[in-house]
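Undergrad: Please see the structure below; I have some questions.
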Amino acid sequence: MTSNSKIPLVSSDFNSKFNAPFWEHTELGKVSLWPEHLIFGLNLILKSSQPMAICWGNTKHFFYNKAFLAANLSPDTNFDTFGLPLDKAPLHPEIKTQILLCFNGEQPETTADLTFNNVKQKPSYWSFAFSPLCSNPETISGVLIQALNKTPVIKAKAKSEHLLKRLNNTIRQAPTGVLIISAKTQNIEIINRKFKQLLPAKVTDLIDQPFTKALPHCNFDLKSEIVKLLQTGTGFQANEIQVKNTFDWPNEIRYFNILGEAIYNEEQEITGAIIASTEVTETIIAKQKVSKSEYRFKSLIDNSPIPIALFSGPDHVITMANKTMIHDIWRKTEKDIINKPLVDVFPELKAQKYPELLDKVYKTGIPHKEKESKALIEGNDGTKAFYFDFEYSPIFESDNKISGVMTTSINVTENVISRKKIEKTEARLRIATEAAKLATWELDLKSSKISHSKRLAVIFGYPEDKKLTHEAIRKHVNRKDLKDILLPAFEKGLKTGSYFSEVKAYKDNGEQLWIRKQGKVLYAEDGQPEKIIGTLRDVTSERNNQQRLIENEQKFRLLADSMPQKVWITDKEGNVNYFNKTVYDFTGFKLDKFNPENWLDFVHPDDHKENIRLWEHAVNTGEDYLCEHRFRRFDGQYRWQLSRAIAQRDEKGNIQRWVGTSTDIQDQKMFLKELERQVTERTKLLAETNSKLENSIEELQRMNEELQSFAYISSHDLQEPLRKIQIFASRIQDVEKDNLSETGKDYFNRMQKSASRMQALIKDLLAYSRTNTSVRAYEETDLNDIINEVKADLKELLQDKQVTLEVDSLCSVEIIPFQFIQLFSNLISNAIKFSRTDIPPVIKIESIIDKGAKFNIEELNTEEDYCHIKVSDNGIGFNPKYSEQIFEVFERLHTRTTYEGTGIGLAIVKKIVENHEGYIFASSKEQQGATFNIYIPINKSM
């Protein structure tokens, strides 16, 4: 297609229109004769992907491109007026008006957002710009029209306004206090009813008043924190704040958690602050009365900042990136990026400008900023293109040297900006609801469809992504409460506009709970109820707390009075305020006449000074109190007691009280005194005997054996009181189990565990003693038989721990059979005890016979035959520097709470090996298992 112009007319979807013969009958004439200005303008719009049009000539022929036609910018769905005069084009009147103004030489205006309906009758919003086209400086031949789609921005703005309205409604009816302050004026923008309850006087209108008028009387400098928050954006969280002289509770102290966070605009400027208060009075009172009750307050707000990352050193190693950067921009996991150079994580950046810019900022210390910069980033979900306003800022150390670069990035497309506004509005909504662990819901009264937050599903025992219908939620409510409370409250709410109910309900697993529902009714233009927006909260603990408190206190006192031990309680300053019945029975004091604070009256005068010193040390440091002293019995006799007290702390570690017990140890004291006397005599006799060593070897051996026998017998006698403790404790737990508080059960469990540990210690001491005193009767023994007997003894333990025991064909050797049973039992038990939690235990036992020289061990006789026994496992292992320490008596590499035991097991193993004139050593590395190497001579020297 050509024209008289030197500029050809481009090919387009409108070729047939240009070739039509009717042009010859218009003022334009044949297409080949059209002026260059018109051809140039037509080529411009026909090649453009944006909606554009040209109106030309005195007849004002209206031409448009494919994008203009596709945009549905005409009310006529069959819009097909290409080239026709303007008056025949079904255009918006405002568009026609501006075109005519432009032809008349007047300055046209960019139109406001005009509304159009597309083929699906959905509205779209457009603005139009008009430019004159002149054939010469004095003649306007045509007008160029450009259309700009404003639909995404207008719809995003409408959605943002809707969410803001929902936020304001939620804040005003929220069961938690909310105060919103303007950063510019420091005046109150929003304050709800719950926050006003903190104030000392009843107030009505505080909006646009200074925020200082909304400050409660409390033990926390709330004013300074708010000023700091408005100036710096630094949030604060104050827990358990005491508020006095409120209007609703003029003579009481109430407790609140107060949280403050900054509110930012799109440019990350502080525009205000939101202060949330949650009353925790009942929780604090309960914690003061019952030491077992624990309430943990979590951080309720997690702001979503702009994407930020830190790069360290000349290689730009990623040392930190926030969640927004990792998940939204980079779309990788934290382990994929942290402590790795940027270009190693994102090699696609090598072909882009960013590594070079980072080098420049790192070397010069001059920040670099750019707007609408395109970046291609490859995440786990593929490559995506982003446009950012970003800034690279150098990080200076104290010596003014540059250590790295910080980057901040903001996506600046209109749709993303709109989405960010919505997300921030929703975040403010979450602050108000999450502060009180609330679930939110919205019920459409016409369709009965309900939408709810994730917390609502969790409250009823479902996964957080479970969606519940309105009918399903009501089925969780107790039938009687549904009929008598919830449904009447619902009907009342539709009339009054405010909905409240507190009913018994059941979780998905049948567990009972109490829920509190509150809501605000929204009305349509005709005055009819349309929606209810509300909250739901689990208040089970609040309902049950008082009853539990009473029951726990009764159980504790019943338990304490039934114990044979003396039980006592003090306040946090160490002042005694309670004794159990056993104390009064022992001392003879009367409950109604004796003041517990005068407890020193029944302590032996000689023990007062040390008793007071130890007690004051415990109270001042918080360490456990342990003291041996004498108490006067009702008959005037003093008896030795072992007193121990442990501090009871709250979740912050602050001491709330001390709970102590005193146990009669008079018999043990007398026994130990007699034992010490005999040991002293034996020691003296031993010293005298040593001076005559050369002439009295046989006598000395006899006396040593006698002393060991005495220790062996004494150890047996020590087990008797331990057995009684275990029997009595077990009987109390069996008979009084339902009457014991959790604290009482914990004390008995501790007592039983302590007794079991001492019993195990005594047994191990006996075993260790037996290795010294036993008659060494060696027998030719197949070690396979020994292993089989040990496997039978440990059958249940091996099955319970899923142990794999790999045993090679073992050799036969002269040994003391029962001692080797003890040896293998200790080694296998030790391997199971120190096994790893992530894999089942595997224990391998093998042996070989060879000359001592082959083993290259200095302690072995090179000419003698040895049976080398190797026991290895895949457990936690140990540091090689402890390879000798582990065989010493009472030596432990771990705390008793981490791994049980007495620290004697491996010492017994070593003693047995030495009894057989052998040698043992262990090798290991942490988390790589351990190997015990035992060398036993084949032929024993007699």
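The way I read the labels, and the way they are meant: chains A, B, ... in the order of the structure tokens, residue 1 as the first residue of every chain, and ligand 1 as the first ligand shown, with later ones counted on from there.
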Would you list the contacts of segment 326-333 of chain A as a VMD selection string, taking every protein, DNA or RNA residue within 7 Å and counting only C-alpha atoms, but skipping same-chain residues closer than 4 positions in sequence?
TA: chain A and resid 321 to 322 377 379 to 380
Undergrad: Write the residues you've just listed into a file as a short mmCIF file (atom, residue, chain, number, x, y, z; two decimals), in the first residue's frame, and include N, CA, C and O atoms for each of them.
TA:
```
data_model
loop_
_atom_site.label_atom_id
_atom_site.label_comp_id
_atom_site.auth_asym_id
_atom_site.auth_seq_id
_atom_site.Cartn_x
_atom_site.Cartn_y
_atom_site.Cartn_z
N ALA A 321 20.21 -11.87 55.32
CA ALA A 321 19.12 -11.45 54.44
C ALA A 321 17.81 -11.69 55.17
O ALA A 321 17.65 -12.72 55.84
N ASN A 322 16.89 -10.75 55.12
CA ASN A 322 15.63 -10.94 55.84
C ASN A 322 14.70 -11.87 55.06
O ASN A 322 14.97 -12.24 53.92
N ILE A 377 16.49 -12.49 38.29
CA ILE A 377 16.91 -13.30 39.43
C ILE A 377 16.35 -14.70 39.27
O ILE A 377 15.15 -14.90 39.08
N GLY A 379 15.41 -17.98 41.00
CA GLY A 379 15.11 -18.64 42.27
C GLY A 379 14.78 -20.10 42.05
O GLY A 379 14.96 -20.65 40.95
N ASN A 380 14.33 -20.74 43.11
CA ASN A 380 13.98 -22.16 43.00
C ASN A 380 12.79 -22.40 42.09
O ASN A 380 12.56 -23.53 41.65
#
```
Undergrad: Determine, counting only C-alpha atoms, which protein, DNA and RNA residues have an atom within 9 Å of an atom of Arg455 of chain A; residues of the same chain fewer than 3 positions away are not included. Present the result as a short mmCIF file (atom, residue, chain, number, x, y, z; two decimals) with all heavy atoms, in the first residue's frame.
TA:
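Result file selection.cif:
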```cif
data_model
loop_
_atom_site.label_atom_id
_atom_site.label_comp_id
_atom_site.auth_asym_id
_atom_site.auth_seq_id
_atom_site.Cartn_x
_atom_site.Cartn_y
_atom_site.Cartn_z
N LYS A 437 -4.49 -13.32 70.68
CA LYS A 437 -4.68 -14.68 70.19
C LYS A 437 -6.11 -14.90 69.71
O LYS A 437 -6.77 -15.88 70.04
CB LYS A 437 -4.32 -15.70 71.28
CG LYS A 437 -2.87 -15.67 71.69
CD LYS A 437 -2.55 -16.74 72.72
CE LYS A 437 -1.09 -16.72 73.10
NZ LYS A 437 -0.74 -17.75 74.08
N LEU A 438 -6.57 -13.95 68.91
CA LEU A 438 -7.95 -13.99 68.42
C LEU A 438 -8.03 -14.64 67.05
O LEU A 438 -7.11 -14.53 66.25
CB LEU A 438 -8.52 -12.57 68.31
CG LEU A 438 -8.76 -11.80 69.61
CD1 LEU A 438 -9.15 -10.38 69.27
CD2 LEU A 438 -9.86 -12.46 70.42
N ALA A 439 -9.15 -15.30 66.81
CA ALA A 439 -9.49 -15.72 65.46
C ALA A 439 -10.52 -14.74 64.93
O ALA A 439 -11.39 -14.27 65.67
CB ALA A 439 -10.06 -17.14 65.47
N THR A 440 -10.43 -14.39 63.66
CA THR A 440 -11.38 -13.46 63.07
C THR A 440 -12.28 -14.20 62.09
O THR A 440 -11.88 -15.20 61.50
CB THR A 440 -10.66 -12.32 62.34
OG1 THR A 440 -9.82 -12.87 61.32
CG2 THR A 440 -9.80 -11.53 63.31
N HIS A 452 -12.88 -17.16 57.57
CA HIS A 452 -12.24 -17.05 58.90
C HIS A 452 -10.73 -17.15 58.76
O HIS A 452 -10.20 -17.63 57.76
CB HIS A 452 -12.77 -18.13 59.84
CG HIS A 452 -12.57 -19.53 59.35
ND1 HIS A 452 -11.35 -20.18 59.44
CD2 HIS A 452 -13.42 -20.41 58.75
CE1 HIS A 452 -11.46 -21.40 58.94
NE2 HIS A 452 -12.71 -21.57 58.49
N VAL A 458 -7.52 -23.81 64.11
CA VAL A 458 -6.62 -24.36 65.12
C VAL A 458 -7.32 -24.47 66.46
O VAL A 458 -7.15 -25.44 67.21
CB VAL A 458 -5.35 -23.49 65.23
CG1 VAL A 458 -4.48 -23.96 66.38
CG2 VAL A 458 -4.57 -23.54 63.93
N ILE A 459 -8.13 -23.47 66.82
CA ILE A 459 -8.85 -23.48 68.10
C ILE A 459 -9.74 -24.71 68.21
O ILE A 459 -9.85 -25.33 69.27
CB ILE A 459 -9.67 -22.19 68.26
CG1 ILE A 459 -8.73 -20.99 68.53
CG2 ILE A 459 -10.69 -22.32 69.40
CD1 ILE A 459 -9.43 -19.65 68.59
N PHE A 460 -10.36 -25.12 67.09
CA PHE A 460 -11.23 -26.29 67.11
C PHE A 460 -10.48 -27.59 66.81
O PHE A 460 -11.10 -28.63 66.57
CB PHE A 460 -12.38 -26.11 66.11
CG PHE A 460 -13.42 -25.13 66.57
CD1 PHE A 460 -13.57 -23.91 65.96
CD2 PHE A 460 -14.24 -25.43 67.66
CE1 PHE A 460 -14.53 -23.00 66.38
CE2 PHE A 460 -15.20 -24.53 68.08
CZ PHE A 460 -15.34 -23.31 67.46
N GLU A 464 -4.33 -25.61 60.41
CA GLU A 464 -4.63 -24.20 60.20
C GLU A 464 -5.21 -23.91 58.81
O GLU A 464 -5.87 -22.90 58.62
CB GLU A 464 -3.39 -23.35 60.44
CG GLU A 464 -2.25 -23.60 59.49
CD GLU A 464 -1.07 -22.67 59.75
OE1 GLU A 464 -0.99 -22.09 60.84
OE2 GLU A 464 -0.24 -22.54 58.85
#
```
Undergrad: Using only C-alpha atoms, can you tell me which of A:Lys401, A:Arg479, A:Arg537, A:Arg649 comes closest to Arg516 of chain A?
TA: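 Closest to Arg516 of chain A, using only C-alpha atoms: A:Arg537.
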Undergrad: Just the residues within 7 Å of Cys811 of chain A, please, counting only C-alpha atoms, with nothing from its chain fewer than 6 positions along; format it as a list in words.
TA: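 The residues that qualify are Asp782, Leu783, Ser847 and Ile848 of chain A.
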Undergrad: Residues of segment 149-302 of chain A in alpha helix (DSSP H) according to DSSP, as a PyMOL selection string?
TA: chain A and resi 151-173+193-196+222-232+281-289
Undergrad: What's around Ser312 of chain A at 7 Å? Count only C-alpha atoms, leave out sequence neighbours fewer than 3 positions away in its own chain, and write the answer as a short mmCIF file (atom, residue, chain, number, x, y, z; two decimals) with C-alpha atoms, in the first residue's frame.
TA:
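Listing of result-v4.cif after writing:
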```
data_model
loop_
_atom_site.label_atom_id
_atom_site.label_comp_id
_atom_site.auth_asym_id
_atom_site.auth_seq_id
_atom_site.Cartn_x
_atom_site.Cartn_y
_atom_site.Cartn_z
CA HIS A 316 30.34 -9.85 48.64
CA VAL A 317 29.61 -12.87 50.84
CA ILE A 318 25.95 -12.93 51.90
CA THR A 319 26.01 -12.69 55.70
CA SER A 403 33.64 -4.14 55.82
CA GLY A 404 30.72 -4.69 53.49
CA VAL A 405 27.68 -3.33 51.68
#
```
